[in-house]
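Structure file input_9.cif; described as mmCIF, C-alpha atoms.
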data_run
loop_
_atom_site.label_atom_id
_atom_site.label_comp_id
_atom_site.auth_asym_id
_atom_site.auth_seq_id
_atom_site.Cartn_x
_atom_site.Cartn_y
_atom_site.Cartn_z
CA MET A 1 16.89 39.79 -9.62
CA LYS A 2 15.71 36.84 -7.55
CA SER A 3 16.15 33.30 -8.88
CA VAL A 4 13.14 31.05 -8.23
CA HIS A 5 13.14 27.41 -9.32
CA PHE A 6 9.92 25.35 -9.39
CA ILE A 7 10.19 21.56 -9.15
CA VAL A 8 6.91 19.99 -10.21
CA ASN A 9 5.64 16.47 -9.62
CA PRO A 10 3.22 16.09 -12.57
CA ILE A 11 1.33 13.14 -11.07
CA ALA A 12 0.83 14.59 -7.57
CA GLY A 13 -2.74 14.54 -6.31
CA LYS A 14 -5.15 14.33 -9.21
CA GLY A 15 -2.38 15.10 -11.69
CA ASP A 16 -4.41 17.91 -13.22
CA CYS A 17 -2.63 21.00 -11.85
CA THR A 18 -0.56 22.74 -14.54
CA ILE A 19 2.32 25.03 -13.65
CA ASP A 20 3.90 26.62 -16.70
CA GLU A 21 5.68 29.79 -17.74
CA ALA A 22 2.45 31.49 -18.84
CA LEU A 23 0.92 31.03 -15.39
CA LEU A 24 4.02 32.05 -13.45
CA SER A 25 4.59 35.18 -15.54
CA HIS A 26 1.42 36.65 -14.00
CA TYR A 27 3.00 36.47 -10.54
CA PHE A 28 6.75 36.70 -11.09
CA GLU A 29 7.60 39.66 -13.33
CA PRO A 30 10.57 38.90 -15.64
CA GLU A 31 12.29 42.15 -14.68
CA TYR A 32 12.41 41.08 -11.03
CA PHE A 33 12.44 37.28 -11.08
CA ASP A 34 14.40 34.66 -12.96
CA VAL A 35 12.00 31.71 -13.03
CA CYS A 36 12.88 28.13 -13.94
CA ILE A 37 10.51 25.14 -14.10
CA LYS A 38 11.72 21.57 -13.72
CA VAL A 39 9.66 18.37 -13.83
CA SER A 40 10.28 15.42 -11.53
CA ASN A 41 9.78 12.12 -13.38
CA TYR A 42 10.72 9.37 -10.91
CA PRO A 43 11.35 8.77 -7.20
CA GLY A 44 14.42 10.71 -6.09
CA HIS A 45 14.42 12.90 -9.18
CA ALA A 46 13.21 15.97 -7.25
CA THR A 47 16.28 15.70 -5.01
CA GLU A 48 18.58 15.59 -8.04
CA LEU A 49 16.82 18.62 -9.54
CA ALA A 50 17.00 20.57 -6.28
CA LYS A 51 20.74 19.90 -5.93
CA ALA A 52 21.25 21.14 -9.50
CA SER A 53 19.17 24.25 -8.76
CA MET A 54 21.33 25.06 -5.75
CA LEU A 55 24.45 24.82 -7.91
CA GLN A 56 22.73 27.14 -10.42
CA GLY A 57 22.28 29.76 -7.71
CA ALA A 58 18.56 29.43 -6.96
CA GLN A 59 17.53 31.55 -3.97
CA ILE A 60 14.09 29.98 -3.67
CA ILE A 61 13.26 26.38 -4.62
CA VAL A 62 9.57 25.58 -4.77
CA ALA A 63 8.30 22.03 -4.26
CA CYS A 64 5.08 21.54 -6.21
CA GLY A 65 3.56 18.28 -5.03
CA GLY A 66 2.72 16.36 -1.87
CA ASP A 67 4.70 15.59 1.26
CA GLY A 68 6.93 13.13 -0.61
CA THR A 69 7.97 15.74 -3.18
CA ILE A 70 8.48 18.33 -0.43
CA ASN A 71 10.68 15.85 1.43
CA GLU A 72 12.85 15.22 -1.64
CA VAL A 73 13.35 18.94 -2.29
CA ALA A 74 13.68 20.12 1.31
CA THR A 75 16.25 17.43 2.14
CA CYS A 76 18.76 19.38 0.05
CA LEU A 77 17.98 22.71 1.73
CA VAL A 78 18.57 21.78 5.38
CA HIS A 79 21.08 24.18 6.98
CA SER A 80 21.35 26.17 3.74
CA LYS A 81 20.47 29.78 2.87
CA VAL A 82 18.06 28.67 0.14
CA GLN A 83 14.39 29.19 0.98
CA LEU A 84 11.75 26.49 0.46
CA GLY A 85 8.48 27.41 -1.22
CA ILE A 86 5.54 25.01 -1.27
CA VAL A 87 2.69 24.63 -3.74
CA PRO A 88 0.49 21.89 -2.22
CA MET A 89 -0.55 19.55 -5.03
CA GLY A 90 -0.59 16.22 -3.21
CA SER A 91 -3.42 14.19 -1.78
CA GLY A 92 -2.64 14.68 1.91
CA ASN A 93 -0.50 17.86 2.13
CA GLY A 94 0.18 17.44 5.84
CA LEU A 95 3.18 19.80 6.08
CA ALA A 96 1.47 22.53 4.05
CA GLU A 97 -1.58 22.34 6.34
CA SER A 98 0.62 22.58 9.42
CA LEU A 99 2.28 25.69 7.95
CA LYS A 100 -1.12 27.13 6.89
CA ILE A 101 -0.01 27.30 3.27
CA PRO A 102 -3.18 27.53 1.16
CA ARG A 103 -4.16 24.75 -1.25
CA ASN A 104 -5.44 27.37 -3.69
CA LEU A 105 -2.80 27.66 -6.40
CA LYS A 106 -3.00 31.43 -6.80
CA LYS A 107 -2.77 32.03 -3.04
CA ALA A 108 0.14 29.59 -2.74
CA LEU A 109 2.03 31.45 -5.48
CA GLU A 110 1.32 34.77 -3.75
CA THR A 111 2.78 33.28 -0.57
CA ILE A 112 5.98 32.42 -2.42
CA LYS A 113 6.21 35.93 -3.84
CA GLN A 114 5.09 37.94 -0.81
CA GLY A 115 5.31 35.55 2.14
CA GLU A 116 7.50 35.68 5.21
CA THR A 117 10.42 33.38 5.92
CA ASN A 118 10.10 31.11 8.92
CA ARG A 119 12.75 28.78 10.26
CA ILE A 120 11.36 25.39 11.20
CA ASP A 121 12.77 22.34 12.93
CA VAL A 122 13.83 19.31 10.91
CA ALA A 123 13.56 15.75 12.22
CA MET A 124 16.22 13.19 11.36
CA VAL A 125 15.80 9.42 11.24
CA ASN A 126 19.13 7.59 10.99
CA GLY A 127 20.62 10.79 9.58
CA LYS A 128 17.96 11.35 6.89
CA PRO A 129 15.55 14.30 7.18
CA PHE A 130 11.80 14.16 7.47
CA PHE A 131 9.65 17.21 7.96
CA SER A 132 6.16 16.11 8.95
CA ASN A 133 6.06 12.63 10.51
CA MET A 134 7.34 9.07 10.47
CA GLY A 135 5.83 5.86 11.73
CA ILE A 136 6.35 2.16 12.26
CA GLY A 137 3.45 -0.27 12.45
CA PHE A 138 -0.08 0.42 11.30
CA ASP A 139 0.48 3.70 9.44
CA ALA A 140 3.35 2.17 7.44
CA LYS A 141 1.02 -0.70 6.49
CA VAL A 142 -1.63 1.83 5.41
CA ILE A 143 0.88 3.62 3.17
CA SER A 144 1.90 0.26 1.68
CA ASN A 145 -1.72 -0.58 0.81
CA TYR A 146 -2.40 2.99 -0.37
CA ASN A 147 0.56 2.85 -2.76
CA ALA A 148 -0.57 -0.54 -4.06
CA SER A 149 -3.97 0.93 -4.97
CA GLN A 150 -2.28 3.41 -7.35
CA GLN A 151 -5.07 5.88 -6.55
CA ARG A 152 -4.65 9.31 -4.97
CA ARG A 153 -8.07 10.04 -3.53
CA PHE A 154 -9.37 10.16 0.04
CA TRP A 155 -11.62 7.16 -0.59
CA ALA A 156 -8.53 5.17 -1.66
CA TYR A 157 -6.85 6.15 1.61
CA LEU A 158 -9.89 5.00 3.60
CA LYS A 159 -9.93 1.74 1.66
CA ALA A 160 -6.26 1.24 2.53
CA VAL A 161 -7.05 1.90 6.20
CA PHE A 162 -9.78 -0.75 6.29
CA LYS A 163 -7.65 -3.27 4.41
CA SER A 164 -4.82 -2.67 6.87
CA MET A 165 -7.19 -3.18 9.81
CA LYS A 166 -8.24 -6.52 8.35
CA ASP A 167 -4.70 -7.77 7.73
CA PHE A 168 -2.64 -6.09 10.46
CA ASN A 169 -0.85 -7.99 13.21
CA SER A 170 1.17 -6.25 15.93
CA ASN A 171 4.22 -8.52 15.72
CA GLU A 172 7.10 -6.05 15.98
CA ARG A 173 8.89 -6.01 19.33
CA ILE A 174 10.70 -2.74 20.00
CA LYS A 175 12.95 -1.51 22.79
CA VAL A 176 12.52 2.24 23.23
CA GLU A 177 14.99 4.65 24.84
CA MET A 178 13.93 8.26 25.39
CA ASN A 179 13.88 10.93 28.08
CA GLY A 180 16.37 8.90 30.12
CA LYS A 181 14.15 5.82 30.31
CA SER A 182 13.91 2.55 28.41
CA PHE A 183 10.96 0.19 27.95
CA ASN A 184 9.69 -2.47 25.59
CA THR A 185 6.60 -2.25 23.43
CA ASN A 186 4.72 -4.34 20.89
CA PRO A 187 2.84 -1.43 19.32
CA PHE A 188 -0.09 -1.11 16.99
CA MET A 189 1.54 2.16 15.97
CA PHE A 190 4.76 3.97 16.87
CA PHE A 191 4.43 7.48 15.48
CA VAL A 192 6.85 10.43 15.63
CA SER A 193 5.66 13.83 14.48
CA ASN A 194 7.29 17.20 13.87
CA SER A 195 4.04 18.81 12.68
CA LYS A 196 0.36 19.02 13.58
CA VAL A 197 -1.29 17.24 10.65
CA MET A 198 -0.68 13.88 8.96
CA GLY A 199 -2.77 14.78 5.90
CA TYR A 200 -6.47 15.10 5.02
CA ASP A 201 -6.65 17.14 8.27
CA ILE A 202 -6.16 13.90 10.24
CA SER A 203 -3.97 14.36 13.29
CA LEU A 204 -2.59 12.49 16.26
CA THR A 205 -0.52 15.47 17.43
CA ARG A 206 -2.53 18.69 17.18
CA MET A 207 -0.38 20.26 19.91
CA ALA A 208 2.84 19.68 17.95
CA SER A 209 4.94 22.62 16.79
CA LEU A 210 7.45 22.94 13.99
CA GLN A 211 9.40 25.46 16.05
CA ASP A 212 9.56 24.11 19.62
CA GLY A 213 12.72 22.01 19.26
CA LEU A 214 10.79 18.87 20.24
CA LEU A 215 9.33 15.77 18.60
CA ASP A 216 5.87 14.53 19.53
CA VAL A 217 5.76 10.77 20.02
CA VAL A 218 2.57 8.69 20.01
CA ILE A 219 2.56 5.04 21.01
CA ILE A 220 -0.63 3.01 20.62
CA ASP A 221 -0.56 -0.40 22.27
CA THR A 222 -1.70 -3.62 20.58
CA LEU A 223 -5.38 -3.40 19.65
CA SER A 224 -8.17 -5.84 18.84
CA LYS A 225 -10.08 -5.36 15.54
CA GLY A 226 -12.92 -3.66 17.41
CA GLU A 227 -10.52 -1.35 19.21
CA MET A 228 -8.93 -0.42 15.87
CA LEU A 229 -12.31 0.81 14.61
CA LEU A 230 -12.90 2.72 17.84
CA VAL A 231 -9.49 4.39 17.70
CA GLY A 232 -10.05 5.36 14.05
CA LEU A 233 -13.45 6.87 14.88
CA PHE A 234 -12.09 8.84 17.84
CA ILE A 235 -9.21 10.20 15.75
CA LEU A 236 -11.59 11.33 12.98
CA LEU A 237 -13.80 13.00 15.59
CA ARG A 238 -10.75 14.64 17.23
CA LEU A 239 -11.39 12.82 20.51
CA ASN A 240 -7.90 11.30 20.85
CA GLN A 241 -7.59 12.47 24.45
CA TYR A 242 -10.26 9.98 25.55
CA LEU A 243 -8.38 6.93 24.29
CA LYS A 244 -6.68 5.09 27.14
CA LYS A 245 -4.30 3.06 24.97
CA ILE A 246 -2.58 6.12 23.48
CA GLN A 247 0.59 7.39 25.16
CA TYR A 248 2.07 10.81 24.36
CA PHE A 249 5.65 11.99 24.85
CA LYS A 250 7.75 15.02 23.88
CA VAL A 251 11.42 14.32 23.21
CA LYS A 252 14.50 15.74 21.57
CA GLU A 253 15.89 12.33 20.66
CA LEU A 254 14.87 8.69 20.86
CA LYS A 255 16.30 5.31 19.94
CA LEU A 256 14.41 2.22 18.80
CA ALA A 257 15.87 -1.28 18.68
CA PHE A 258 13.96 -4.11 17.01
CA GLU A 259 14.07 -7.26 19.10
CA ASP A 260 12.16 -9.61 16.81
CA SER A 261 13.53 -11.98 14.18
CA TYR A 262 12.40 -10.09 11.08
CA ALA A 263 15.11 -9.04 8.63
CA HIS A 264 13.19 -5.98 7.41
CA HIS A 265 10.71 -3.56 8.95
CA LEU A 266 8.45 -1.06 7.20
CA MET A 267 8.63 2.63 8.03
CA GLN A 268 6.82 5.55 6.48
CA ALA A 269 8.43 8.99 6.47
CA ASP A 270 6.45 11.93 5.11
CA GLY A 271 4.10 9.46 3.45
CA GLU A 272 6.84 7.57 1.61
CA LEU A 273 7.47 3.90 2.38
CA HIS A 274 10.93 2.63 3.39
CA ASN A 275 12.35 -0.79 4.21
CA LEU A 276 14.48 -0.61 7.33
CA ASP A 277 17.49 -2.91 7.22
CA ASP A 278 19.02 -1.54 10.42
CA ALA A 279 18.14 -3.12 13.76
CA GLU A 280 18.37 0.31 15.40
CA VAL A 281 16.61 3.56 14.54
CA VAL A 282 17.71 6.92 15.96
CA VAL A 283 15.37 9.90 15.64
CA LYS A 284 16.35 13.41 16.69
CA ILE A 285 15.55 17.04 16.04
CA GLU A 286 17.62 19.71 14.28
CA GLU A 287 16.31 23.06 15.50
CA LYS A 288 15.48 25.88 13.04
CA ALA A 289 17.32 24.05 10.27
CA LEU A 290 15.08 24.95 7.29
CA GLN A 291 13.85 28.26 5.88
CA VAL A 292 10.27 28.09 4.57
CA LEU A 293 8.07 30.74 2.95
CA VAL A 294 4.75 30.98 4.79
CA PRO A 295 1.69 33.30 4.66
#

Let me see whether you can do it: turn the structure in this file into structure tokens.
Amino acid sequence: MKSVHFIVNPIAGKGDCTIDEALLSHYFEPEYFDVCIKVSNYPGHATELAKASMLQGAQIIVACGGDGTINEVATCLVHSKVQLGIVPMGSGNGLAESLKIPRNLKKALETIKQGETNRIDVAMVNGKPFFSNMGIGFDAKVISNYNASQQRRFWAYLKAVFKSMKDFNSNERIKVEMNGKSFNTNPFMFFVSNSKVMGYDISLTRMASLQDGLLDVVIIDTLSKGEMLLVGLFILLRLNQYLKKIQYFKVKELKLAFEDSYAHHLMQADGELHNLDDAEVVVKIEEKALQVLVP
């Protein structure tokens, strides 16, 4: 009998997707599967629940939510034998899109029951895992404004983007070390991705792979307000390659050192906002460190 634990974020996305025993019994027959449902009620709770599930002998732990919920659950499973299942219920669902896990609930559950196991790379920032992307600069500001709106719709994300364009100033000075070189930048955005899609099918790194042992780095230099609008339009139209102020790199490891006078810096990781107290940030890749069920 296989033990499958579901960890559900009840407010993910529209908050209207119900996962209960009646639903799961149609897919996971009681004679073959021992199913447990747990509900995450506050930030960090999904991590606590996942750790408890591992101690209870779960063989598959399913994150039901967005990239933030997946991050909390998957963090516990790195370098373990426990498989990660994903039911995309968030607003962006960047990692699920990169793994081609369907948004349709029934198809996602079939993937967990019948899918194949893939090993994917895990990115680490100052020793903490992220699975899709992290960023400093504009995208962190967008997440800050998006969270403040307390809405989980695409229009709320667009509103946060435009508000961030209006208010944003590129005032972070960063020394970068990667691929044996060092340089200084004052970026509009410093973005590190392990996957193809950020969410809402928006991407800066469509050539990225979760299995190539490399991180895709995007640096966008300081932009004027007009250039911000142009960059946003080109990204939506998938014309990133024509933007001269975007630099692309592939690395196994990189180091950032803040050289400004600010005590704190904002960073987003898998769509969750963090305050960085450290003056240095080290990002590196752990190859094939997580088992995920995929179609």

Where does the PyMOL selection byres ((chain A and resi 7-9) around 6) land in this file, that is, which residues does it pick, as a VMD selection string?
-> chain A and resid 6 10 to 12 38 to 40 62 to 65

Can you write out as a Markdown table which residues of segment 141-171 of chain A fall within 12 Å of segment 202-209 of chain A, alongside each residue's closest atom pair and its distance in Å to one decimal, counting only C-alpha atoms and ordering rows by chain and ascending residue number?
| residue | atom | partner | partner_atom | distance |
| --- | --- | --- | --- | --- |
| A:Phe154 | CA | A:Ile202 | CA | 11.3 |
| A:Tyr157 | CA | A:Ile202 | CA | 11.6 |
| A:Leu158 | CA | A:Ile202 | CA | 11.7 |

Starting from the shown file, work through the PyMOL selection byres ((chain A and resi 96-102) around 8) and note down what comes out as a PyMOL selection string.
-> chain A and resi 86-88+93-95+103-105+107-108+111+195-197+199+201+294-295

Using all atoms listed in the file: which of A:Asp121, A:Ala160, A:Ala257, A:Phe168 has the shortest distance to Thr185 of chain A = A:Ala257

With all atoms listed in the file as the basis for distance, which of A:Ala74, A:Ala279, A:Leu214, A:Leu293 is at the shortest distance from Gln114 of chain A?
-> A:Leu293

For segment 170-173 of chain A, what centre and edge lengths in Å (one decimal) does the axis-aligned box get once 6 Å is added on each side of all its listed atoms, as JSON?
{"center_x": 5.0, "center_y": -7.3, "center_z": 17.5, "size_x": 19.7, "size_y": 14.5, "size_z": 15.6}

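Taking atom CA of Asn171 of chain A as the reference point, atom CA of Ala148 of chain A is found at 21.9 Å.
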
Please produce, as JSON lines, a per-residue contact table for segment 151-252 of chain A versus segment 132-146 of chain A (criterion: any atom at most 12 Å away, only C-alpha atoms considered), showing the nearest atom pair and its distance in Å to one decimal, sorted by chain then residue number.
{"residue": "A:Gln151", "atom": "CA", "partner": "A:Tyr146", "partner_atom": "CA", "distance": 7.3}
{"residue": "A:Arg152", "atom": "CA", "partner": "A:Tyr146", "partner_atom": "CA", "distance": 8.1}
{"residue": "A:Arg153", "atom": "CA", "partner": "A:Tyr146", "partner_atom": "CA", "distance": 9.6}
{"residue": "A:Phe154", "atom": "CA", "partner": "A:Tyr146", "partner_atom": "CA", "distance": 10.0}
{"residue": "A:Trp155", "atom": "CA", "partner": "A:Tyr146", "partner_atom": "CA", "distance": 10.1}
{"residue": "A:Ala156", "atom": "CA", "partner": "A:Tyr146", "partner_atom": "CA", "distance": 6.6}
{"residue": "A:Tyr157", "atom": "CA", "partner": "A:Tyr146", "partner_atom": "CA", "distance": 5.8}
{"residue": "A:Leu158", "atom": "CA", "partner": "A:Tyr146", "partner_atom": "CA", "distance": 8.7}
{"residue": "A:Lys159", "atom": "CA", "partner": "A:Tyr146", "partner_atom": "CA", "distance": 7.9}
{"residue": "A:Ala160", "atom": "CA", "partner": "A:Tyr146", "partner_atom": "CA", "distance": 5.1}
{"residue": "A:Val161", "atom": "CA", "partner": "A:Val142", "partner_atom": "CA", "distance": 5.5}
{"residue": "A:Phe162", "atom": "CA", "partner": "A:Val142", "partner_atom": "CA", "distance": 8.6}
{"residue": "A:Lys163", "atom": "CA", "partner": "A:Asn145", "partner_atom": "CA", "distance": 7.4}
{"residue": "A:Ser164", "atom": "CA", "partner": "A:Val142", "partner_atom": "CA", "distance": 5.7}
{"residue": "A:Met165", "atom": "CA", "partner": "A:Phe138", "partner_atom": "CA", "distance": 8.1}
{"residue": "A:Lys166", "atom": "CA", "partner": "A:Val142", "partner_atom": "CA", "distance": 11.0}
{"residue": "A:Asp167", "atom": "CA", "partner": "A:Lys141", "partner_atom": "CA", "distance": 9.2}
{"residue": "A:Phe168", "atom": "CA", "partner": "A:Phe138", "partner_atom": "CA", "distance": 7.0}
{"residue": "A:Asn169", "atom": "CA", "partner": "A:Phe138", "partner_atom": "CA", "distance": 8.7}
{"residue": "A:Ser170", "atom": "CA", "partner": "A:Gly137", "partner_atom": "CA", "distance": 7.3}
{"residue": "A:Asn171", "atom": "CA", "partner": "A:Gly137", "partner_atom": "CA", "distance": 8.9}
{"residue": "A:Glu172", "atom": "CA", "partner": "A:Gly137", "partner_atom": "CA", "distance": 7.7}
{"residue": "A:Arg173", "atom": "CA", "partner": "A:Gly137", "partner_atom": "CA", "distance": 10.5}
{"residue": "A:Ile174", "atom": "CA", "partner": "A:Ile136", "partner_atom": "CA", "distance": 10.1}
{"residue": "A:Thr185", "atom": "CA", "partner": "A:Gly137", "partner_atom": "CA", "distance": 11.6}
{"residue": "A:Asn186", "atom": "CA", "partner": "A:Gly137", "partner_atom": "CA", "distance": 9.5}
{"residue": "A:Pro187", "atom": "CA", "partner": "A:Gly137", "partner_atom": "CA", "distance": 7.0}
{"residue": "A:Phe188", "atom": "CA", "partner": "A:Gly137", "partner_atom": "CA", "distance": 5.8}
{"residue": "A:Met189", "atom": "CA", "partner": "A:Gly137", "partner_atom": "CA", "distance": 4.7}
{"residue": "A:Phe190", "atom": "CA", "partner": "A:Ile136", "partner_atom": "CA", "distance": 5.2}
{"residue": "A:Phe191", "atom": "CA", "partner": "A:Gly135", "partner_atom": "CA", "distance": 4.3}
{"residue": "A:Val192", "atom": "CA", "partner": "A:Met134", "partner_atom": "CA", "distance": 5.4}
{"residue": "A:Ser193", "atom": "CA", "partner": "A:Asn133", "partner_atom": "CA", "distance": 4.2}
{"residue": "A:Asn194", "atom": "CA", "partner": "A:Ser132", "partner_atom": "CA", "distance": 5.2}
{"residue": "A:Ser195", "atom": "CA", "partner": "A:Ser132", "partner_atom": "CA", "distance": 5.1}
{"residue": "A:Lys196", "atom": "CA", "partner": "A:Ser132", "partner_atom": "CA", "distance": 8.0}
{"residue": "A:Val197", "atom": "CA", "partner": "A:Ser132", "partner_atom": "CA", "distance": 7.7}
{"residue": "A:Met198", "atom": "CA", "partner": "A:Asn133", "partner_atom": "CA", "distance": 7.0}
{"residue": "A:Gly199", "atom": "CA", "partner": "A:Ser132", "partner_atom": "CA", "distance": 9.5}
{"residue": "A:Ser203", "atom": "CA", "partner": "A:Asn133", "partner_atom": "CA", "distance": 10.6}
{"residue": "A:Leu204", "atom": "CA", "partner": "A:Asn133", "partner_atom": "CA", "distance": 10.4}
{"residue": "A:Thr205", "atom": "CA", "partner": "A:Asn133", "partner_atom": "CA", "distance": 10.0}
{"residue": "A:Ala208", "atom": "CA", "partner": "A:Ser132", "partner_atom": "CA", "distance": 10.2}
{"residue": "A:Ser209", "atom": "CA", "partner": "A:Ser132", "partner_atom": "CA", "distance": 10.3}
{"residue": "A:Leu210", "atom": "CA", "partner": "A:Ser132", "partner_atom": "CA", "distance": 8.6}
{"residue": "A:Leu215", "atom": "CA", "partner": "A:Asn133", "partner_atom": "CA", "distance": 9.3}
{"residue": "A:Asp216", "atom": "CA", "partner": "A:Asn133", "partner_atom": "CA", "distance": 9.2}
{"residue": "A:Val217", "atom": "CA", "partner": "A:Gly135", "partner_atom": "CA", "distance": 9.6}
{"residue": "A:Val218", "atom": "CA", "partner": "A:Gly135", "partner_atom": "CA", "distance": 9.3}
{"residue": "A:Ile219", "atom": "CA", "partner": "A:Gly135", "partner_atom": "CA", "distance": 9.9}
{"residue": "A:Ile220", "atom": "CA", "partner": "A:Phe138", "partner_atom": "CA", "distance": 9.7}
{"residue": "A:Asp221", "atom": "CA", "partner": "A:Gly137", "partner_atom": "CA", "distance": 10.6}
{"residue": "A:Thr222", "atom": "CA", "partner": "A:Gly137", "partner_atom": "CA", "distance": 10.2}
{"residue": "A:Leu223", "atom": "CA", "partner": "A:Phe138", "partner_atom": "CA", "distance": 10.6}
{"residue": "A:Met228", "atom": "CA", "partner": "A:Phe138", "partner_atom": "CA", "distance": 10.0}
{"residue": "A:Gly232", "atom": "CA", "partner": "A:Phe138", "partner_atom": "CA", "distance": 11.5}

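Atom CA of Gln59 of chain A lies 10.0 Å from atom CA of Asp34 of chain A.
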
In Å and to one decimal, atom CA of Ala289 of chain A is distant from atom CA of Ser80 of chain A by 8.0 Å

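With distances restricted to all atoms listed in the file, A:Val292 is the closest residue to Leu77 of chain A from A:Thr18, A:Ala123, A:Val292, A:Leu276.
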
Using only C-alpha atoms, the shortest atom-to-atom distance to Val283 of chain A among A:Asp270, A:Glu116, A:Asp67, A:Glu177 belongs to A:Glu177

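Once all atoms listed in the file are considered, the residues situated within 10 Å of the file point (12.1, 7.5, 26.6) turn out to be Lys175, Val176, Glu177, Met178, Asn179, Gly180, Lys181, Ser182, Phe183, Val217, Phe249, Lys250, Val251, Lys252, Glu253, Leu254, Lys255 and Leu256 of chain A.
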
Could you dump the residues just selected with C-alpha atoms as an mmCIF file, in the frame of the given file?
data_model
loop_
_atom_site.group_PDB
_atom_site.id
_atom_site.type_symbol
_atom_site.label_atom_id
_atom_site.label_comp_id
_atom_site.auth_asym_id
_atom_site.auth_seq_id
_atom_site.Cartn_x
_atom_site.Cartn_y
_atom_site.Cartn_z
ATOM 1 C CA LYS A 175 12.950 -1.510 22.790
ATOM 2 C CA VAL A 176 12.520 2.240 23.230
ATOM 3 C CA GLU A 177 14.990 4.650 24.840
ATOM 4 C CA MET A 178 13.930 8.260 25.390
ATOM 5 C CA ASN A 179 13.880 10.930 28.080
ATOM 6 C CA GLY A 180 16.370 8.900 30.120
ATOM 7 C CA LYS A 181 14.150 5.820 30.310
ATOM 8 C CA SER A 182 13.910 2.550 28.410
ATOM 9 C CA PHE A 183 10.960 0.190 27.950
ATOM 10 C CA VAL A 217 5.760 10.770 20.020
ATOM 11 C CA PHE A 249 5.650 11.990 24.850
ATOM 12 C CA LYS A 250 7.750 15.020 23.880
ATOM 13 C CA VAL A 251 11.420 14.320 23.210
ATOM 14 C CA LYS A 252 14.500 15.740 21.570
ATOM 15 C CA GLU A 253 15.890 12.330 20.660
ATOM 16 C CA LEU A 254 14.870 8.690 20.860
ATOM 17 C CA LYS A 255 16.300 5.310 19.940
ATOM 18 C CA LEU A 256 14.410 2.220 18.800
#

Evaluate the PyMOL selection byres ((chain A and resi 78) around 12) and report residues as JSON, numbers by chain | {"A": [50, 51, 54, 71, 72, 73, 74, 75, 76, 77, 79, 80, 81, 82, 83, 84, 119, 120, 121, 122, 123, 124, 127, 128, 129, 130, 131, 286, 287, 288, 289, 290, 291, 292]}
